[in-house]
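K.L.:
Got a file for you: model_37.txt, compact mmCIF, C-alpha atoms.
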# COMPACT_ATOMS: atom_id res chain seq x y z
CA MET A 1 22.18 54.76 -68.10
CA ILE A 2 20.34 51.78 -69.47
CA LEU A 3 16.60 51.49 -69.96
CA SER A 4 15.72 48.69 -67.55
CA GLY A 5 11.93 48.76 -67.96
CA LYS A 6 9.69 48.64 -70.98
CA THR A 7 8.43 52.21 -70.79
CA ALA A 8 10.02 55.47 -69.71
CA LEU A 9 8.93 59.07 -69.32
CA VAL A 10 11.65 61.72 -69.63
CA LEU A 11 10.71 65.18 -68.38
CA GLY A 12 12.68 68.41 -68.37
CA GLY A 13 12.61 72.05 -69.30
CA ALA A 14 13.46 73.61 -72.65
CA ARG A 15 17.04 72.81 -73.74
CA SER A 16 17.54 70.63 -70.67
CA GLY A 17 19.06 67.74 -72.63
CA LYS A 18 16.03 65.47 -72.35
CA SER A 19 15.89 64.56 -76.06
CA ALA A 20 19.61 63.76 -76.26
CA PHE A 21 19.36 61.67 -73.08
CA SER A 22 16.33 59.83 -74.49
CA GLU A 23 18.13 59.12 -77.76
CA ARG A 24 21.07 57.63 -75.82
CA LEU A 25 18.66 55.45 -73.83
CA ALA A 26 17.11 54.21 -77.09
CA GLN A 27 20.47 53.56 -78.76
CA ALA A 28 21.72 51.58 -75.75
CA THR A 29 18.93 49.01 -76.24
CA GLY A 30 20.49 47.85 -79.52
CA PHE A 31 16.96 47.53 -80.91
CA GLU A 32 15.58 48.86 -84.19
CA ARG A 33 14.96 52.57 -83.49
CA HIS A 34 11.75 54.40 -84.35
CA TYR A 35 11.12 58.08 -83.70
CA ILE A 36 7.62 59.56 -83.54
CA ALA A 37 7.78 63.32 -84.08
CA THR A 38 4.68 65.16 -82.87
CA GLY A 39 5.81 68.67 -83.85
CA ARG A 40 4.34 70.67 -86.70
CA ALA A 41 6.37 73.16 -88.73
CA TYR A 42 4.31 76.35 -88.78
CA ASP A 43 7.24 78.64 -89.59
CA ASP A 44 10.79 78.63 -90.97
CA GLU A 45 12.41 78.47 -87.54
CA MET A 46 10.48 75.30 -86.66
CA ARG A 47 11.26 73.75 -90.07
CA GLU A 48 14.98 74.40 -89.45
CA ARG A 49 14.71 72.96 -85.94
CA ILE A 50 13.11 69.76 -87.30
CA VAL A 51 15.82 69.34 -89.94
CA ARG A 52 18.50 69.88 -87.28
CA HIS A 53 16.95 67.18 -85.07
CA GLN A 54 16.75 64.78 -88.01
CA ASP A 55 20.39 65.42 -88.92
CA ASP A 56 21.45 64.93 -85.29
CA ARG A 57 19.70 61.55 -85.13
CA GLY A 58 21.15 60.34 -88.42
CA PRO A 59 19.93 57.62 -90.78
CA SER A 60 19.76 54.84 -88.17
CA TRP A 61 16.29 55.99 -87.06
CA VAL A 62 12.95 55.38 -88.79
CA THR A 63 11.01 58.63 -88.42
CA HIS A 64 7.22 58.81 -88.23
CA GLU A 65 5.70 62.29 -88.27
CA GLU A 66 2.42 62.11 -86.39
CA PRO A 67 1.11 65.23 -84.66
CA VAL A 68 -2.25 63.84 -83.46
CA GLU A 69 -2.81 60.08 -83.93
CA LEU A 70 -0.06 59.01 -81.56
CA ILE A 71 -1.90 55.96 -80.21
CA ARG A 72 -2.62 54.62 -83.69
CA THR A 73 0.99 55.12 -84.76
CA LEU A 74 2.30 53.35 -81.65
CA ARG A 75 0.09 50.36 -82.48
CA GLU A 76 1.18 50.35 -86.13
CA ILE A 77 4.92 50.28 -85.43
CA ASP A 78 4.82 48.15 -82.30
CA GLY A 79 6.91 44.99 -82.17
CA PRO A 80 9.54 43.10 -80.23
CA GLU A 81 13.17 44.19 -80.61
CA ARG A 82 12.02 47.76 -81.31
CA VAL A 83 12.42 50.92 -79.32
CA VAL A 84 10.14 53.89 -79.99
CA LEU A 85 11.01 57.42 -78.92
CA VAL A 86 8.05 59.83 -78.82
CA ASP A 87 9.17 63.47 -78.88
CA CYS A 88 7.21 65.14 -77.46
CA LEU A 89 4.02 64.83 -75.45
CA THR A 90 3.59 68.56 -74.86
CA LEU A 91 3.53 69.20 -78.61
CA TRP A 92 0.96 66.39 -78.88
CA VAL A 93 -1.18 68.15 -76.25
CA THR A 94 -0.85 71.42 -78.18
CA ASN A 95 -1.97 69.72 -81.38
CA LEU A 96 -4.95 68.14 -79.63
CA MET A 97 -5.93 71.50 -78.15
CA MET A 98 -5.73 73.19 -81.56
CA GLN A 99 -8.13 70.58 -82.96
CA GLY A 100 -10.57 70.80 -80.06
CA GLU A 101 -9.97 67.20 -78.98
CA ASP A 102 -11.04 65.69 -75.66
CA ILE A 103 -7.60 65.78 -74.04
CA PRO A 104 -8.45 64.02 -70.75
CA THR A 105 -9.88 61.08 -72.70
CA ARG A 106 -6.98 60.94 -75.16
CA SER A 107 -4.47 61.16 -72.29
CA ALA A 108 -6.11 58.29 -70.42
CA GLU A 109 -6.17 56.22 -73.62
CA LEU A 110 -2.45 56.80 -74.17
CA ALA A 111 -1.52 55.79 -70.62
CA ALA A 112 -3.72 52.68 -70.84
CA GLN A 113 -2.18 51.73 -74.20
CA LEU A 114 1.25 51.17 -72.64
CA LEU A 115 0.26 47.84 -71.13
CA GLY A 116 -0.45 46.17 -74.46
CA LEU A 117 2.63 47.18 -76.46
CA GLU A 118 5.69 44.99 -77.07
CA ALA A 119 8.23 47.67 -78.01
CA LYS A 120 10.26 49.63 -75.48
CA ILE A 121 8.85 53.16 -75.52
CA ILE A 122 10.42 56.39 -74.32
CA PHE A 123 8.20 59.46 -74.03
CA VAL A 124 9.79 62.92 -73.90
CA SER A 125 7.87 65.88 -72.54
CA ASN A 126 8.45 69.42 -71.35
CA GLU A 127 7.81 70.03 -67.67
CA VAL A 128 5.79 73.25 -67.83
CA GLY A 129 4.49 73.41 -64.27
CA LEU A 130 7.57 74.77 -62.51
CA GLY A 131 7.20 78.40 -63.52
CA ILE A 132 4.77 81.20 -62.80
CA VAL A 133 1.04 80.82 -63.36
CA PRO A 134 0.34 81.70 -67.02
CA GLU A 135 -1.53 84.94 -67.60
CA ASN A 136 -4.16 83.63 -70.04
CA ARG A 137 -6.77 80.89 -69.97
CA MET A 138 -5.43 78.85 -72.89
CA ALA A 139 -1.92 78.75 -71.43
CA ARG A 140 -3.29 77.73 -68.02
CA GLU A 141 -5.37 74.98 -69.65
CA PHE A 142 -2.31 73.76 -71.55
CA ARG A 143 -0.26 73.65 -68.34
CA ASP A 144 -3.04 71.76 -66.58
CA TYR A 145 -3.53 69.25 -69.41
CA ALA A 146 0.21 68.61 -69.63
CA GLY A 147 0.55 68.23 -65.85
CA ARG A 148 -2.30 65.73 -65.66
CA LEU A 149 -0.92 63.79 -68.63
CA HIS A 150 2.50 63.66 -66.98
CA GLN A 151 0.96 62.26 -63.80
CA GLN A 152 -0.88 59.55 -65.76
CA MET A 153 2.18 58.66 -67.82
CA ALA A 154 4.46 58.62 -64.75
CA ALA A 155 2.05 56.24 -63.00
CA ALA A 156 1.92 53.93 -66.06
CA ALA A 157 5.63 54.07 -67.00
CA ASP A 158 8.23 51.70 -65.57
CA GLU A 159 10.80 54.48 -65.31
CA VAL A 160 10.66 58.26 -65.00
CA PHE A 161 13.59 60.64 -65.40
CA PHE A 162 13.91 64.39 -64.90
CA VAL A 163 16.68 66.08 -66.88
CA ALA A 164 18.21 69.46 -66.02
CA ALA A 165 21.43 70.90 -67.48
CA GLY A 166 21.97 67.62 -69.32
CA LEU A 167 21.97 65.62 -66.09
CA PRO A 168 19.33 62.92 -65.68
CA LEU A 169 17.76 62.20 -62.31
CA ARG A 170 15.97 58.86 -62.00
CA MET A 171 12.66 59.49 -60.26
CA LYS A 172 11.07 56.06 -60.68
CA GLY A 173 12.35 52.61 -61.57
So, in terms of structure tokens, how does the structure I just supplied come out?
P.N.:
Amino acid sequence: MILSGKTALVLGGARSGKSAFSERLAQATGFERHYIATGRAYDDEMRERIVRHQDDRGPSWVTHEEPVELIRTLREIDGPERVVLVDCLTLWVTNLMMQGEDIPTRSAELAAQLLGLEAKIIFVSNEVGLGIVPENRMAREFRDYAGRLHQQMAAAADEVFFVAAGLPLRMKG
């Protein structure tokens, strides 16, 4: 598949293939590739996972590690002939929650920001609303914040994909 619009949202479950699909979309543009990593390494397993992802991408990507100030980083690296892959929005939401941020406001700001950027941008996020209702308040709040963010981003994005078992389904665009 080829990214036909300027912005895309790629949703899927854990290990669905959404990151690999997004990387292929970015590579197919032929543009200078930038990767914004929102994850934080709190333990050895996550540190190993991050290194594995970096190795898989290879040296042709410029990596920006930014767990919270996603909007600022998008503005800083914006430019024509660039593609930016943000992986992932659910980790961004987690980081905002851990810092006590106003997530509805930050989500609306991110969606609104898309209109003014020149780069092609691909957002990756975990679809967390397809399972059972979480048993605790924080998990339910996380699910709700992520679901609302996904709705805002899907409305603002030119294209939306859902990936399951490595197979992308175009939902918009």
K.L.:
Which residue is closest to Ala20 in chain A? Choose from A:Glu32, A:Gly79, A:Val163, A:His64 and count all atoms listed in the file.
P.N.:
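Answer, going by the shortest atom-to-atom distance: A:Val163.
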K.L.:
Quick one, how far is CA of Arg75 in chain A from CA of Leu110 in chain A?
P.N.:
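These two atoms are separated by 10.8 Å.
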K.L.:
Can you work out which one of A:Pro80, A:Pro104, A:Gly131, A:Gly147 has the shortest atom-to-atom distance to Leu117 in chain A, counting all atoms listed in the file?
P.N.:
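Among the listed residues, the smallest separation from Leu117 in chain A belongs to A:Pro80.
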K.L.:
As a list in words, please: the residues near Leu91 in chain A (cut-off 9 Å, all atoms listed in the file, same-chain neighbours under 2 positions excluded).
P.N.:
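The neighbour list is Thr38, Gly39, Arg40, Pro67, Asp87, Cys88, Leu89, Val93, Thr94, Asn95, Leu96, Ser125 and Asn126 of chain A.
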K.L.:
A:Asp44, A:Asp55, A:Ile103, A:Asp158: which is nearest Arg170 in chain A, counting only C-alpha atoms?
P.N.:
A:Asp158
K.L.:
Looking at only C-alpha atoms, which of A:Ala111, A:Ala146, A:Ala154, A:Met98 is the one that sits closest to Val128 in chain A?
P.N.:
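With only C-alpha atoms as the atom set, the closest residue is A:Ala146.
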K.L.:
I want to know what sits within 12 Å of Leu169 in chain A, based on only C-alpha atoms, with residues of the same chain fewer than 3 positions away left out; could you give that as a list of chain:residue names?
P.N.:
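What passes the distance filter is A:Met1, A:Leu9, A:Val10, A:Leu11, A:Gly12, A:Ser16, A:Gly17, A:Lys18, A:Phe21, A:Glu159, A:Val160, A:Phe161, A:Phe162, A:Val163, A:Ala164, A:Ala165, A:Gly166, A:Lys172, A:Gly173.
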K.L.:
I'd like to know which of A:Leu70, A:Ala8, A:Val62, A:Ala119 is closest to Leu25 in chain A, using all atoms listed in the file.
P.N.:
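That would be A:Ala8, the residue with the smallest distance to Leu25 in chain A.
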K.L.:
Enter the distance from CA of Ala14 in chain A to CA of Glu109 in chain A, in Å, rounded to one decimal.
P.N.:
26.2 Å
K.L.:
List the spatial neighbours of Gln113 in chain A as a PyMOL selection string - criterion: any atom at most 12 Å away, all atoms listed in the file, same-chain residues fewer than 4 positions off excluded.
P.N.:
chain A and resi 7+70-75+78+106-109+117-119+121+152-153+156-157
K.L.:
I'd like the interatomic distance between CA of Tyr35 in chain A and CA of Asp144 in chain A, to a tenth of an Å.
P.N.:
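Atom-to-atom, CA of Tyr35 in chain A to CA of Asp144 in chain A, that is 26.1 Å.
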K.L.:
Compare A:Lys120, A:Arg148, A:Arg47, A:Arg140 by their minimum atom-to-atom distance to Val86 in chain A, counting all atoms listed in the file, and give me the closest one.
P.N.:
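Result for the nearest residue to Val86 in chain A: A:Lys120.
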